[in-house]
Each structure stands twice: as C-alpha cells, then as structure tokens.
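Q: Just entry06.cif, nothing more (mmCIF, N, CA and C atoms):
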data_start
#
loop_
_atom_site.label_atom_id
_atom_site.label_comp_id
_atom_site.auth_asym_id
_atom_site.auth_seq_id
_atom_site.Cartn_x
_atom_site.Cartn_y
_atom_site.Cartn_z
N MET A 1 -51.03 -63.26 0.25
CA MET A 1 -50.98 -62.41 -0.91
C MET A 1 -49.59 -61.79 -1.03
N LYS A 2 -49.06 -61.80 -2.25
CA LYS A 2 -47.76 -61.20 -2.51
C LYS A 2 -47.94 -60.05 -3.49
N ILE A 3 -47.39 -58.92 -3.14
CA ILE A 3 -47.45 -57.75 -4.00
C ILE A 3 -46.02 -57.42 -4.42
N ASN A 4 -45.67 -57.86 -5.63
CA ASN A 4 -44.31 -57.64 -6.14
C ASN A 4 -44.13 -56.29 -6.81
N LYS A 5 -45.16 -55.85 -7.53
CA LYS A 5 -45.05 -54.62 -8.31
C LYS A 5 -46.25 -53.71 -8.06
N ILE A 6 -45.95 -52.47 -7.68
CA ILE A 6 -46.99 -51.49 -7.41
C ILE A 6 -46.83 -50.33 -8.40
N LEU A 7 -47.94 -49.90 -8.96
CA LEU A 7 -47.96 -48.73 -9.84
C LEU A 7 -48.52 -47.55 -9.05
N LEU A 8 -47.77 -46.45 -9.04
CA LEU A 8 -48.18 -45.26 -8.31
C LEU A 8 -48.26 -44.07 -9.26
N PRO A 9 -49.46 -43.72 -9.72
CA PRO A 9 -49.61 -42.48 -10.48
C PRO A 9 -49.40 -41.30 -9.53
N PHE A 10 -48.62 -40.32 -9.94
CA PHE A 10 -48.29 -39.21 -9.04
C PHE A 10 -48.37 -37.90 -9.80
N ASP A 11 -49.22 -36.98 -9.30
CA ASP A 11 -49.36 -35.67 -9.95
C ASP A 11 -48.96 -34.51 -9.05
N GLY A 12 -48.46 -34.82 -7.87
CA GLY A 12 -48.00 -33.78 -6.96
C GLY A 12 -49.09 -33.21 -6.07
N SER A 13 -50.34 -33.60 -6.27
CA SER A 13 -51.43 -33.12 -5.42
C SER A 13 -51.28 -33.71 -4.02
N SER A 14 -52.00 -33.13 -3.06
CA SER A 14 -51.92 -33.65 -1.69
C SER A 14 -52.41 -35.09 -1.61
N HIS A 15 -53.40 -35.45 -2.43
CA HIS A 15 -53.89 -36.83 -2.43
C HIS A 15 -52.84 -37.79 -2.99
N SER A 16 -52.10 -37.37 -4.00
CA SER A 16 -51.07 -38.26 -4.55
C SER A 16 -49.88 -38.36 -3.59
N VAL A 17 -49.61 -37.32 -2.83
CA VAL A 17 -48.56 -37.40 -1.80
C VAL A 17 -48.98 -38.40 -0.73
N ASN A 18 -50.25 -38.35 -0.31
CA ASN A 18 -50.75 -39.33 0.66
C ASN A 18 -50.64 -40.74 0.11
N ALA A 19 -50.98 -40.91 -1.17
CA ALA A 19 -50.88 -42.23 -1.81
C ALA A 19 -49.44 -42.69 -1.86
N ALA A 20 -48.52 -41.79 -2.12
CA ALA A 20 -47.09 -42.15 -2.17
C ALA A 20 -46.60 -42.63 -0.81
N LYS A 21 -46.99 -41.94 0.23
CA LYS A 21 -46.58 -42.34 1.59
C LYS A 21 -47.16 -43.71 1.95
N TYR A 22 -48.41 -43.94 1.58
CA TYR A 22 -49.03 -45.22 1.84
C TYR A 22 -48.35 -46.32 1.03
N THR A 23 -48.03 -46.01 -0.22
CA THR A 23 -47.33 -46.97 -1.09
C THR A 23 -45.97 -47.32 -0.52
N LEU A 24 -45.27 -46.34 0.00
CA LEU A 24 -43.96 -46.58 0.61
C LEU A 24 -44.08 -47.60 1.74
N ASP A 25 -45.08 -47.43 2.60
CA ASP A 25 -45.29 -48.38 3.70
C ASP A 25 -45.60 -49.77 3.17
N LEU A 26 -46.47 -49.86 2.16
CA LEU A 26 -46.80 -51.17 1.57
C LEU A 26 -45.57 -51.82 0.95
N ALA A 27 -44.79 -51.04 0.23
CA ALA A 27 -43.60 -51.57 -0.44
C ALA A 27 -42.59 -52.09 0.58
N LYS A 28 -42.46 -51.41 1.68
CA LYS A 28 -41.56 -51.89 2.74
C LYS A 28 -42.08 -53.21 3.31
N MET A 29 -43.39 -53.28 3.53
CA MET A 29 -43.99 -54.47 4.12
C MET A 29 -43.86 -55.69 3.20
N PHE A 30 -44.06 -55.51 1.90
CA PHE A 30 -44.08 -56.63 0.96
C PHE A 30 -42.79 -56.78 0.16
N GLY A 31 -41.85 -55.86 0.30
CA GLY A 31 -40.64 -55.90 -0.50
C GLY A 31 -40.93 -55.64 -1.98
N SER A 32 -41.86 -54.75 -2.24
CA SER A 32 -42.33 -54.48 -3.60
C SER A 32 -41.47 -53.46 -4.33
N HIS A 33 -41.46 -53.57 -5.65
CA HIS A 33 -40.91 -52.53 -6.51
C HIS A 33 -42.04 -51.57 -6.84
N VAL A 34 -41.75 -50.27 -6.84
CA VAL A 34 -42.76 -49.25 -7.12
C VAL A 34 -42.39 -48.50 -8.40
N ALA A 35 -43.33 -48.44 -9.32
CA ALA A 35 -43.17 -47.62 -10.52
C ALA A 35 -44.01 -46.37 -10.32
N ILE A 36 -43.33 -45.23 -10.27
CA ILE A 36 -44.00 -43.95 -10.05
C ILE A 36 -44.09 -43.26 -11.40
N ILE A 37 -45.30 -42.91 -11.82
CA ILE A 37 -45.45 -42.30 -13.14
C ILE A 37 -46.26 -41.01 -13.07
N ASN A 38 -45.97 -40.14 -14.02
CA ASN A 38 -46.71 -38.91 -14.18
C ASN A 38 -47.07 -38.77 -15.65
N CYS A 39 -48.33 -38.51 -15.91
CA CYS A 39 -48.80 -38.35 -17.29
C CYS A 39 -48.93 -36.86 -17.61
N TYR A 40 -48.56 -36.51 -18.81
CA TYR A 40 -48.71 -35.13 -19.27
C TYR A 40 -49.32 -35.15 -20.66
N GLU A 41 -50.07 -34.09 -20.96
CA GLU A 41 -50.75 -34.06 -22.25
C GLU A 41 -50.96 -32.61 -22.66
N TRP A 42 -50.68 -32.32 -23.90
CA TRP A 42 -51.02 -31.02 -24.46
C TRP A 42 -52.39 -31.16 -25.09
N HIS A 43 -53.32 -30.33 -24.67
CA HIS A 43 -54.71 -30.45 -25.11
C HIS A 43 -55.02 -29.69 -26.39
N GLY A 44 -54.01 -29.18 -27.02
CA GLY A 44 -54.23 -28.39 -28.23
C GLY A 44 -54.34 -29.25 -29.47
N ASN A 45 -55.25 -28.88 -30.33
CA ASN A 45 -55.38 -29.53 -31.63
C ASN A 45 -55.63 -28.43 -32.65
N MET A 46 -54.60 -27.63 -32.85
CA MET A 46 -54.72 -26.48 -33.74
C MET A 46 -53.74 -26.64 -34.90
N PRO A 47 -54.24 -26.96 -36.06
CA PRO A 47 -53.36 -27.18 -37.20
C PRO A 47 -52.53 -25.96 -37.58
N GLU A 48 -53.00 -24.76 -37.19
CA GLU A 48 -52.26 -23.55 -37.54
C GLU A 48 -51.03 -23.33 -36.66
N VAL A 49 -50.89 -24.10 -35.58
CA VAL A 49 -49.72 -23.98 -34.71
C VAL A 49 -48.57 -24.76 -35.34
N PRO A 50 -47.44 -24.11 -35.52
CA PRO A 50 -46.30 -24.80 -36.14
C PRO A 50 -45.85 -26.03 -35.34
N GLU A 51 -45.46 -27.05 -36.06
CA GLU A 51 -45.05 -28.31 -35.43
C GLU A 51 -43.89 -28.11 -34.46
N LEU A 52 -42.97 -27.21 -34.79
CA LEU A 52 -41.83 -26.94 -33.91
C LEU A 52 -42.31 -26.39 -32.57
N LEU A 53 -43.32 -25.53 -32.59
CA LEU A 53 -43.87 -24.98 -31.36
C LEU A 53 -44.56 -26.07 -30.55
N VAL A 54 -45.28 -26.95 -31.21
CA VAL A 54 -45.94 -28.06 -30.53
C VAL A 54 -44.90 -28.94 -29.84
N LYS A 55 -43.83 -29.25 -30.53
CA LYS A 55 -42.78 -30.09 -29.94
C LYS A 55 -42.14 -29.39 -28.74
N ASP A 56 -41.97 -28.07 -28.83
CA ASP A 56 -41.42 -27.32 -27.71
C ASP A 56 -42.37 -27.37 -26.51
N LEU A 57 -43.66 -27.20 -26.76
CA LEU A 57 -44.65 -27.29 -25.68
C LEU A 57 -44.65 -28.67 -25.03
N GLN A 58 -44.58 -29.70 -25.85
CA GLN A 58 -44.55 -31.06 -25.31
C GLN A 58 -43.29 -31.30 -24.48
N ALA A 59 -42.17 -30.77 -24.92
CA ALA A 59 -40.93 -30.90 -24.16
C ALA A 59 -41.04 -30.19 -22.82
N ARG A 60 -41.66 -29.02 -22.83
CA ARG A 60 -41.84 -28.28 -21.57
C ARG A 60 -42.78 -29.02 -20.62
N LEU A 61 -43.83 -29.61 -21.17
CA LEU A 61 -44.74 -30.39 -20.33
C LEU A 61 -44.02 -31.59 -19.72
N ARG A 62 -43.16 -32.21 -20.51
CA ARG A 62 -42.40 -33.35 -20.00
C ARG A 62 -41.46 -32.90 -18.88
N GLU A 63 -40.83 -31.75 -19.05
CA GLU A 63 -39.94 -31.22 -18.01
C GLU A 63 -40.72 -30.93 -16.73
N GLU A 64 -41.92 -30.38 -16.87
CA GLU A 64 -42.77 -30.15 -15.70
C GLU A 64 -43.12 -31.47 -15.02
N ALA A 65 -43.42 -32.49 -15.81
CA ALA A 65 -43.74 -33.81 -15.26
C ALA A 65 -42.55 -34.37 -14.49
N LEU A 66 -41.36 -34.20 -15.03
CA LEU A 66 -40.16 -34.66 -14.33
C LEU A 66 -39.99 -33.91 -13.01
N GLY A 67 -40.32 -32.62 -13.01
CA GLY A 67 -40.26 -31.84 -11.77
C GLY A 67 -41.23 -32.36 -10.72
N VAL A 68 -42.42 -32.73 -11.16
CA VAL A 68 -43.41 -33.30 -10.24
C VAL A 68 -42.89 -34.60 -9.66
N LEU A 69 -42.25 -35.40 -10.49
CA LEU A 69 -41.73 -36.69 -10.02
C LEU A 69 -40.59 -36.53 -9.02
N LYS A 70 -39.90 -35.41 -9.05
CA LYS A 70 -38.84 -35.15 -8.06
C LYS A 70 -39.43 -35.15 -6.65
N ARG A 71 -40.63 -34.63 -6.52
CA ARG A 71 -41.29 -34.63 -5.21
C ARG A 71 -41.54 -36.06 -4.72
N ALA A 72 -41.97 -36.91 -5.63
CA ALA A 72 -42.20 -38.32 -5.26
C ALA A 72 -40.87 -38.98 -4.90
N GLU A 73 -39.84 -38.69 -5.66
CA GLU A 73 -38.53 -39.27 -5.36
C GLU A 73 -38.06 -38.87 -3.96
N GLY A 74 -38.38 -37.65 -3.56
CA GLY A 74 -38.03 -37.20 -2.22
C GLY A 74 -38.66 -38.05 -1.13
N ILE A 75 -39.82 -38.60 -1.40
CA ILE A 75 -40.51 -39.46 -0.44
C ILE A 75 -39.85 -40.83 -0.38
N PHE A 76 -39.36 -41.33 -1.52
CA PHE A 76 -38.84 -42.69 -1.60
C PHE A 76 -37.33 -42.81 -1.39
N GLU A 77 -36.59 -41.74 -1.65
CA GLU A 77 -35.13 -41.79 -1.54
C GLU A 77 -34.68 -42.20 -0.14
N GLY A 78 -33.74 -43.13 -0.11
CA GLY A 78 -33.15 -43.55 1.15
C GLY A 78 -34.07 -44.37 2.05
N GLN A 79 -35.16 -44.87 1.52
CA GLN A 79 -36.12 -45.62 2.33
C GLN A 79 -36.00 -47.14 2.17
N GLY A 80 -35.04 -47.59 1.35
CA GLY A 80 -34.84 -49.02 1.18
C GLY A 80 -35.86 -49.70 0.29
N VAL A 81 -36.51 -48.94 -0.57
CA VAL A 81 -37.50 -49.48 -1.48
C VAL A 81 -37.03 -49.23 -2.90
N GLU A 82 -37.10 -50.27 -3.73
CA GLU A 82 -36.76 -50.12 -5.14
C GLU A 82 -37.89 -49.38 -5.85
N TYR A 83 -37.53 -48.37 -6.63
CA TYR A 83 -38.54 -47.63 -7.37
C TYR A 83 -37.95 -47.09 -8.66
N THR A 84 -38.83 -46.81 -9.60
CA THR A 84 -38.46 -46.14 -10.83
C THR A 84 -39.46 -45.01 -11.05
N VAL A 85 -39.04 -44.01 -11.81
CA VAL A 85 -39.94 -42.91 -12.17
C VAL A 85 -39.99 -42.82 -13.69
N GLU A 86 -41.17 -42.44 -14.19
CA GLU A 86 -41.33 -42.35 -15.64
C GLU A 86 -42.43 -41.36 -15.97
N THR A 87 -42.21 -40.60 -17.03
CA THR A 87 -43.26 -39.73 -17.56
C THR A 87 -43.87 -40.40 -18.77
N LEU A 88 -45.18 -40.20 -18.93
CA LEU A 88 -45.89 -40.77 -20.07
C LEU A 88 -46.74 -39.68 -20.70
N SER A 89 -46.76 -39.63 -22.01
CA SER A 89 -47.55 -38.64 -22.73
C SER A 89 -48.92 -39.22 -23.08
N GLY A 90 -49.97 -38.45 -22.77
CA GLY A 90 -51.33 -38.87 -23.12
C GLY A 90 -52.30 -38.61 -22.00
N ALA A 91 -53.57 -38.86 -22.27
CA ALA A 91 -54.63 -38.69 -21.27
C ALA A 91 -54.40 -39.66 -20.12
N ALA A 92 -54.32 -39.13 -18.93
CA ALA A 92 -53.88 -39.93 -17.77
C ALA A 92 -54.68 -41.21 -17.55
N GLY A 93 -56.00 -41.15 -17.53
CA GLY A 93 -56.79 -42.35 -17.27
C GLY A 93 -56.54 -43.44 -18.27
N TYR A 94 -56.55 -43.10 -19.54
CA TYR A 94 -56.33 -44.08 -20.60
C TYR A 94 -54.90 -44.62 -20.56
N VAL A 95 -53.93 -43.73 -20.43
CA VAL A 95 -52.52 -44.13 -20.42
C VAL A 95 -52.23 -45.03 -19.23
N LEU A 96 -52.75 -44.68 -18.07
CA LEU A 96 -52.50 -45.49 -16.86
C LEU A 96 -53.06 -46.89 -17.01
N ALA A 97 -54.27 -46.99 -17.51
CA ALA A 97 -54.87 -48.31 -17.68
C ALA A 97 -54.06 -49.16 -18.65
N LYS A 98 -53.67 -48.59 -19.78
CA LYS A 98 -52.86 -49.33 -20.77
C LYS A 98 -51.50 -49.69 -20.21
N PHE A 99 -50.86 -48.74 -19.53
CA PHE A 99 -49.54 -48.96 -18.95
C PHE A 99 -49.59 -50.07 -17.91
N ALA A 100 -50.59 -50.04 -17.06
CA ALA A 100 -50.72 -51.06 -16.01
C ALA A 100 -50.92 -52.44 -16.61
N GLN A 101 -51.75 -52.54 -17.63
CA GLN A 101 -52.01 -53.84 -18.24
C GLN A 101 -50.75 -54.39 -18.91
N SER A 102 -50.00 -53.54 -19.54
CA SER A 102 -48.81 -54.02 -20.24
C SER A 102 -47.71 -54.46 -19.28
N LYS A 103 -47.69 -53.92 -18.10
CA LYS A 103 -46.62 -54.24 -17.14
C LYS A 103 -47.04 -55.26 -16.09
N GLU A 104 -48.31 -55.61 -16.07
CA GLU A 104 -48.81 -56.63 -15.15
C GLU A 104 -48.51 -56.32 -13.68
N TYR A 105 -48.98 -55.19 -13.22
CA TYR A 105 -48.80 -54.79 -11.83
C TYR A 105 -49.76 -55.57 -10.94
N ASP A 106 -49.34 -55.78 -9.71
CA ASP A 106 -50.16 -56.48 -8.73
C ASP A 106 -51.16 -55.54 -8.06
N LEU A 107 -50.81 -54.24 -8.02
CA LEU A 107 -51.63 -53.27 -7.32
C LEU A 107 -51.36 -51.88 -7.87
N ILE A 108 -52.41 -51.09 -7.95
CA ILE A 108 -52.27 -49.67 -8.27
C ILE A 108 -52.72 -48.91 -7.03
N VAL A 109 -51.90 -47.96 -6.60
CA VAL A 109 -52.26 -47.12 -5.47
C VAL A 109 -52.33 -45.70 -5.99
N MET A 110 -53.47 -45.05 -5.79
CA MET A 110 -53.60 -43.69 -6.28
C MET A 110 -54.47 -42.85 -5.36
N GLY A 111 -54.25 -41.55 -5.42
CA GLY A 111 -55.03 -40.62 -4.63
C GLY A 111 -56.46 -40.56 -5.13
N SER A 112 -57.37 -40.24 -4.21
CA SER A 112 -58.79 -40.19 -4.57
C SER A 112 -59.08 -39.06 -5.55
N HIS A 113 -58.31 -38.01 -5.49
CA HIS A 113 -58.45 -36.87 -6.41
C HIS A 113 -57.06 -36.37 -6.74
N GLY A 114 -56.93 -35.84 -7.94
CA GLY A 114 -55.67 -35.22 -8.34
C GLY A 114 -55.91 -33.75 -8.61
N HIS A 115 -55.06 -33.19 -9.44
CA HIS A 115 -55.21 -31.78 -9.77
C HIS A 115 -56.46 -31.49 -10.58
N SER A 116 -57.04 -32.51 -11.20
CA SER A 116 -58.24 -32.30 -12.01
C SER A 116 -59.49 -32.78 -11.28
N ASP A 117 -59.51 -32.72 -9.94
CA ASP A 117 -60.60 -33.33 -9.18
C ASP A 117 -61.95 -32.65 -9.39
N ILE A 118 -61.97 -31.48 -9.97
CA ILE A 118 -63.25 -30.83 -10.23
C ILE A 118 -64.08 -31.62 -11.25
N ALA A 119 -63.41 -32.43 -12.07
CA ALA A 119 -64.10 -33.19 -13.11
C ALA A 119 -64.85 -34.39 -12.54
N GLY A 120 -64.53 -34.83 -11.33
CA GLY A 120 -65.22 -35.98 -10.75
C GLY A 120 -66.05 -35.57 -9.55
N LEU A 121 -67.19 -36.20 -9.35
CA LEU A 121 -68.06 -35.81 -8.25
C LEU A 121 -67.58 -36.43 -6.93
N PHE A 122 -67.36 -37.75 -6.91
CA PHE A 122 -66.91 -38.41 -5.69
C PHE A 122 -65.46 -38.85 -5.79
N LEU A 123 -65.03 -39.22 -6.96
CA LEU A 123 -63.64 -39.59 -7.20
C LEU A 123 -63.14 -38.73 -8.34
N GLY A 124 -61.83 -38.54 -8.39
CA GLY A 124 -61.26 -37.80 -9.50
C GLY A 124 -61.53 -38.51 -10.82
N SER A 125 -61.53 -37.78 -11.91
CA SER A 125 -61.86 -38.36 -13.21
C SER A 125 -60.84 -39.41 -13.64
N VAL A 126 -59.56 -39.20 -13.34
CA VAL A 126 -58.55 -40.19 -13.70
C VAL A 126 -58.75 -41.45 -12.88
N THR A 127 -58.99 -41.30 -11.59
CA THR A 127 -59.25 -42.45 -10.72
C THR A 127 -60.45 -43.23 -11.24
N HIS A 128 -61.50 -42.52 -11.60
CA HIS A 128 -62.71 -43.15 -12.12
C HIS A 128 -62.41 -43.93 -13.40
N LYS A 129 -61.64 -43.35 -14.30
CA LYS A 129 -61.29 -44.02 -15.57
C LYS A 129 -60.50 -45.30 -15.29
N VAL A 130 -59.53 -45.22 -14.40
CA VAL A 130 -58.71 -46.40 -14.09
C VAL A 130 -59.56 -47.49 -13.47
N LEU A 131 -60.44 -47.12 -12.54
CA LEU A 131 -61.30 -48.12 -11.89
C LEU A 131 -62.19 -48.85 -12.88
N ASN A 132 -62.56 -48.18 -13.95
CA ASN A 132 -63.46 -48.78 -14.93
C ASN A 132 -62.75 -49.55 -16.03
N THR A 133 -61.43 -49.54 -16.06
CA THR A 133 -60.72 -50.20 -17.17
C THR A 133 -59.62 -51.14 -16.72
N ILE A 134 -59.35 -51.25 -15.47
CA ILE A 134 -58.16 -51.97 -15.01
C ILE A 134 -58.51 -53.40 -14.59
N TYR A 135 -57.52 -54.24 -14.59
CA TYR A 135 -57.70 -55.66 -14.29
C TYR A 135 -57.24 -56.03 -12.89
N CYS A 136 -56.44 -55.20 -12.25
CA CYS A 136 -55.87 -55.56 -10.95
C CYS A 136 -56.48 -54.70 -9.86
N PRO A 137 -56.24 -55.03 -8.59
CA PRO A 137 -56.78 -54.23 -7.50
C PRO A 137 -56.24 -52.80 -7.54
N VAL A 138 -57.11 -51.87 -7.17
CA VAL A 138 -56.75 -50.46 -7.09
C VAL A 138 -57.06 -50.00 -5.68
N LEU A 139 -56.06 -49.45 -5.02
CA LEU A 139 -56.23 -48.93 -3.67
C LEU A 139 -56.33 -47.41 -3.78
N ILE A 140 -57.44 -46.85 -3.32
CA ILE A 140 -57.67 -45.42 -3.39
C ILE A 140 -57.37 -44.82 -2.02
N VAL A 141 -56.46 -43.83 -2.02
CA VAL A 141 -56.04 -43.19 -0.77
C VAL A 141 -56.58 -41.76 -0.75
N PRO A 142 -57.27 -41.38 0.32
CA PRO A 142 -57.80 -40.00 0.39
C PRO A 142 -56.70 -38.97 0.60
#
Mind turning this structure into structure tokens?

A:
Amino acid sequence: MKINKILLPFDGSSHSVNAAKYTLDLAKMFGSHVAIINCYEWHGNMPEVPELLVKDLQARLREEALGVLKRAEGIFEGQGVEYTVETLSGAAGYVLAKFAQSKEYDLIVMGSHGHSDIAGLFLGSVTHKVLNTIYCPVLIVP
C-alpha cells in the first residue's frame, strides 16, 4: 500500500494534536505529503447585520483558523515531511468530505473528537459526518 497524500483536519484540540503526531509518523514512513486544514464558519444568519460586519467577522474567524494552524505547523516544521496548511470556510464535516473528494487523498487522519465533541456520543460530529460521506480510508486517532 502506498500513501502519497494525507488529509489532516486540525482544530487545535488534544485529539487533533494526537492525530497530527500520528500523521507525522505515517508521512515519514511513506514519504507522504500532508495537507493540514482548519474549517471555520460563522453561524449567524441575521439579515439585519450589516454585510461589512459579517465580512469582518469572517475575516476574524479566518485569522483564528490560521492561528490554530500555527500549532500544527509547529509539529511538522523541520521534520522532513512536505506539508501545506489551508483554511476553509463552511461546516467542517461537509467541507472536509467535499475537499477530500476533490483532491483525491489516499488517507484522512483525524482526531476522534474535536472542540465540538459534545455533539457526538461516541465520535465527534465532524468525524461522524466524514465517515458517512467519504470515499477513502479514515484513520481515527483518540
């Protein structure tokens, strides 16, 4: 089995840090490229909120997402593994599934729970969504 491309959703939670460390080991073993992504979403749907304010909120959310990705970069920097980081706007489960399909990843590695783990009983809600919509193997790291 050859794993050329790994997708690593990263939200900064302890489970995603564990997944990042595991992904780093896999990438070293297989010589894989790792795409590290963080999804952000503004949950507001209030027409009375000015568009300029909405754009400002979205920009701030993106900046926070970039800050979260800095933690992942700290794990991968200087380790001899090719990686990229990217922020994506939208609901994490849906965005991750679409993003993975469009990029044809060989493997997705993700934490069993993220920051929203209260929404899932045994697995986080994002993990559950990805497992139910994805075409490639998904490795769940506790």

Q: Kindly give the distance, in Å, that separates atom CA of Asp11 of chain A and atom CA of Glu82 of chain A, rounded to a single decimal.

A: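 The value is 19.8 Å.
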
Q: Which is closer to Leu96 of chain A than all the others in A:Ser13, A:Asn38, A:Gln58, A:Ser112, using only C-alpha atoms?

A: A:Asn38

Q: Would you mind listing, for every residue of segment 11-52 of chain A within 9 Å of segment 68-75 of chain A, the two atoms forming the shortest contact and the distance between them in Å to one decimal, using only C-alpha atoms, sorted by chain and ascending residue number, as CSV?

A:
residue,atom,partner,partner_atom,distance
A:Asp11,CA,A:Val68,CA,6.4
A:Gly12,CA,A:Val68,CA,5.7
A:Ser16,CA,A:Ala72,CA,8.9
A:Val17,CA,A:Ala72,CA,7.3
A:Ala20,CA,A:Ala72,CA,6.9
A:Lys21,CA,A:Ile75,CA,7.0
A:Leu24,CA,A:Ile75,CA,8.0
A:Ile36,CA,A:Leu69,CA,7.6
A:Ile37,CA,A:Leu69,CA,7.4
A:Asn38,CA,A:Leu69,CA,6.9

Q: Take the residues from that selection and put them in a file with N, CA and C atoms, as a PDB file, in the frame of the given file.

A:
ATOM      1  N   ASP A  11     -49.220 -36.980  -9.300  1.00  0.00           N
ATOM      2  CA  ASP A  11     -49.360 -35.670  -9.950  1.00  0.00           C
ATOM      3  C   ASP A  11     -48.960 -34.510  -9.050  1.00  0.00           C
ATOM      4  N   GLY A  12     -48.460 -34.820  -7.870  1.00  0.00           N
ATOM      5  CA  GLY A  12     -48.000 -33.780  -6.960  1.00  0.00           C
ATOM      6  C   GLY A  12     -49.090 -33.210  -6.070  1.00  0.00           C
ATOM      7  N   SER A  16     -52.100 -37.370  -4.000  1.00  0.00           N
ATOM      8  CA  SER A  16     -51.070 -38.260  -4.550  1.00  0.00           C
ATOM      9  C   SER A  16     -49.880 -38.360  -3.590  1.00  0.00           C
ATOM     10  N   VAL A  17     -49.610 -37.320  -2.830  1.00  0.00           N
ATOM     11  CA  VAL A  17     -48.560 -37.400  -1.800  1.00  0.00           C
ATOM     12  C   VAL A  17     -48.980 -38.400  -0.730  1.00  0.00           C
ATOM     13  N   ALA A  20     -48.520 -41.790  -2.120  1.00  0.00           N
ATOM     14  CA  ALA A  20     -47.090 -42.150  -2.170  1.00  0.00           C
ATOM     15  C   ALA A  20     -46.600 -42.630  -0.810  1.00  0.00           C
ATOM     16  N   LYS A  21     -46.990 -41.940   0.230  1.00  0.00           N
ATOM     17  CA  LYS A  21     -46.580 -42.340   1.590  1.00  0.00           C
ATOM     18  C   LYS A  21     -47.160 -43.710   1.950  1.00  0.00           C
ATOM     19  N   LEU A  24     -45.270 -46.340   0.000  1.00  0.00           N
ATOM     20  CA  LEU A  24     -43.960 -46.580   0.610  1.00  0.00           C
ATOM     21  C   LEU A  24     -44.080 -47.600   1.740  1.00  0.00           C
ATOM     22  N   ILE A  36     -43.330 -45.230 -10.270  1.00  0.00           N
ATOM     23  CA  ILE A  36     -44.000 -43.950 -10.050  1.00  0.00           C
ATOM     24  C   ILE A  36     -44.090 -43.260 -11.400  1.00  0.00           C
ATOM     25  N   ILE A  37     -45.300 -42.910 -11.820  1.00  0.00           N
ATOM     26  CA  ILE A  37     -45.450 -42.300 -13.140  1.00  0.00           C
ATOM     27  C   ILE A  37     -46.260 -41.010 -13.070  1.00  0.00           C
ATOM     28  N   ASN A  38     -45.970 -40.140 -14.020  1.00  0.00           N
ATOM     29  CA  ASN A  38     -46.710 -38.910 -14.180  1.00  0.00           C
ATOM     30  C   ASN A  38     -47.070 -38.770 -15.650  1.00  0.00           C
TER      31      ASN A  38
END

Q: Pick out the closest residue to Ala27 of chain A from this set: A:Pro142, A:Pro50, A:Gly80, A:Gly111. Count all atoms listed in the file.

A: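 Answer, going by the shortest atom-to-atom distance: A:Gly80.
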
Q: Enter the distance from atom C of Ile6 of chain A to atom N of Leu88 of chain A, in Å, rounded to one decimal.

A: 14.7 Å

Q: I'd like to see the residues matched by the PyMOL selection byres ((chain A and resi 90) around 6) on this file, and ideally I'd get them as an MDAnalysis selection string.

A: chainID A and resid 39:41 88:89 91:92 95

Q: Keeping N, CA and C atoms for every residue in the selection just given, could you write it to a file as a PDB file, keeping the file's coordinate frame?

A:
ATOM      1  N   CYS A  39     -48.330 -38.510 -15.910  1.00  0.00           N
ATOM      2  CA  CYS A  39     -48.800 -38.350 -17.290  1.00  0.00           C
ATOM      3  C   CYS A  39     -48.930 -36.860 -17.610  1.00  0.00           C
ATOM      4  N   TYR A  40     -48.560 -36.510 -18.810  1.00  0.00           N
ATOM      5  CA  TYR A  40     -48.710 -35.130 -19.270  1.00  0.00           C
ATOM      6  C   TYR A  40     -49.320 -35.150 -20.660  1.00  0.00           C
ATOM      7  N   GLU A  41     -50.070 -34.090 -20.960  1.00  0.00           N
ATOM      8  CA  GLU A  41     -50.750 -34.060 -22.250  1.00  0.00           C
ATOM      9  C   GLU A  41     -50.960 -32.610 -22.660  1.00  0.00           C
ATOM     10  N   LEU A  88     -45.180 -40.200 -18.930  1.00  0.00           N
ATOM     11  CA  LEU A  88     -45.890 -40.770 -20.070  1.00  0.00           C
ATOM     12  C   LEU A  88     -46.740 -39.680 -20.700  1.00  0.00           C
ATOM     13  N   SER A  89     -46.760 -39.630 -22.010  1.00  0.00           N
ATOM     14  CA  SER A  89     -47.550 -38.640 -22.730  1.00  0.00           C
ATOM     15  C   SER A  89     -48.920 -39.220 -23.080  1.00  0.00           C
ATOM     16  N   ALA A  91     -53.570 -38.860 -22.270  1.00  0.00           N
ATOM     17  CA  ALA A  91     -54.630 -38.690 -21.270  1.00  0.00           C
ATOM     18  C   ALA A  91     -54.400 -39.660 -20.120  1.00  0.00           C
ATOM     19  N   ALA A  92     -54.320 -39.130 -18.930  1.00  0.00           N
ATOM     20  CA  ALA A  92     -53.880 -39.930 -17.770  1.00  0.00           C
ATOM     21  C   ALA A  92     -54.680 -41.210 -17.550  1.00  0.00           C
ATOM     22  N   VAL A  95     -53.930 -43.730 -20.430  1.00  0.00           N
ATOM     23  CA  VAL A  95     -52.520 -44.130 -20.420  1.00  0.00           C
ATOM     24  C   VAL A  95     -52.230 -45.030 -19.230  1.00  0.00           C
TER      25      VAL A  95
END

Q: Could you go through segment 18-94 of chain A and tell me which residues DSSP, when run on the backbone, assigns to strand (DSSP E), listing them as a list in words?

A: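 Filtering segment 18-94 of chain A down to strand (DSSP E) leaves His33, Val34, Ala35, Ile36, Ile37, Asn38, Cys39, Tyr40, Tyr83, Thr84, Val85, Glu86, Thr87, Leu88 and Ser89 of chain A.
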
Q: Between atom CA of Leu8 of chain A and atom N of Ala65 of chain A, what is the spacing in Å?

A: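 Going from atom N of Ala65 of chain A over to atom CA of Leu8 of chain A covers 15.6 Å.
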
Q: Considering all atoms listed in the file, state which residue in the set A:Leu53, A:Leu7, A:Met1, A:Val34 is at the smallest distance from Ala100 of chain A.

A: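 Using all atoms listed in the file, Ala100 of chain A sits closest to A:Leu7.
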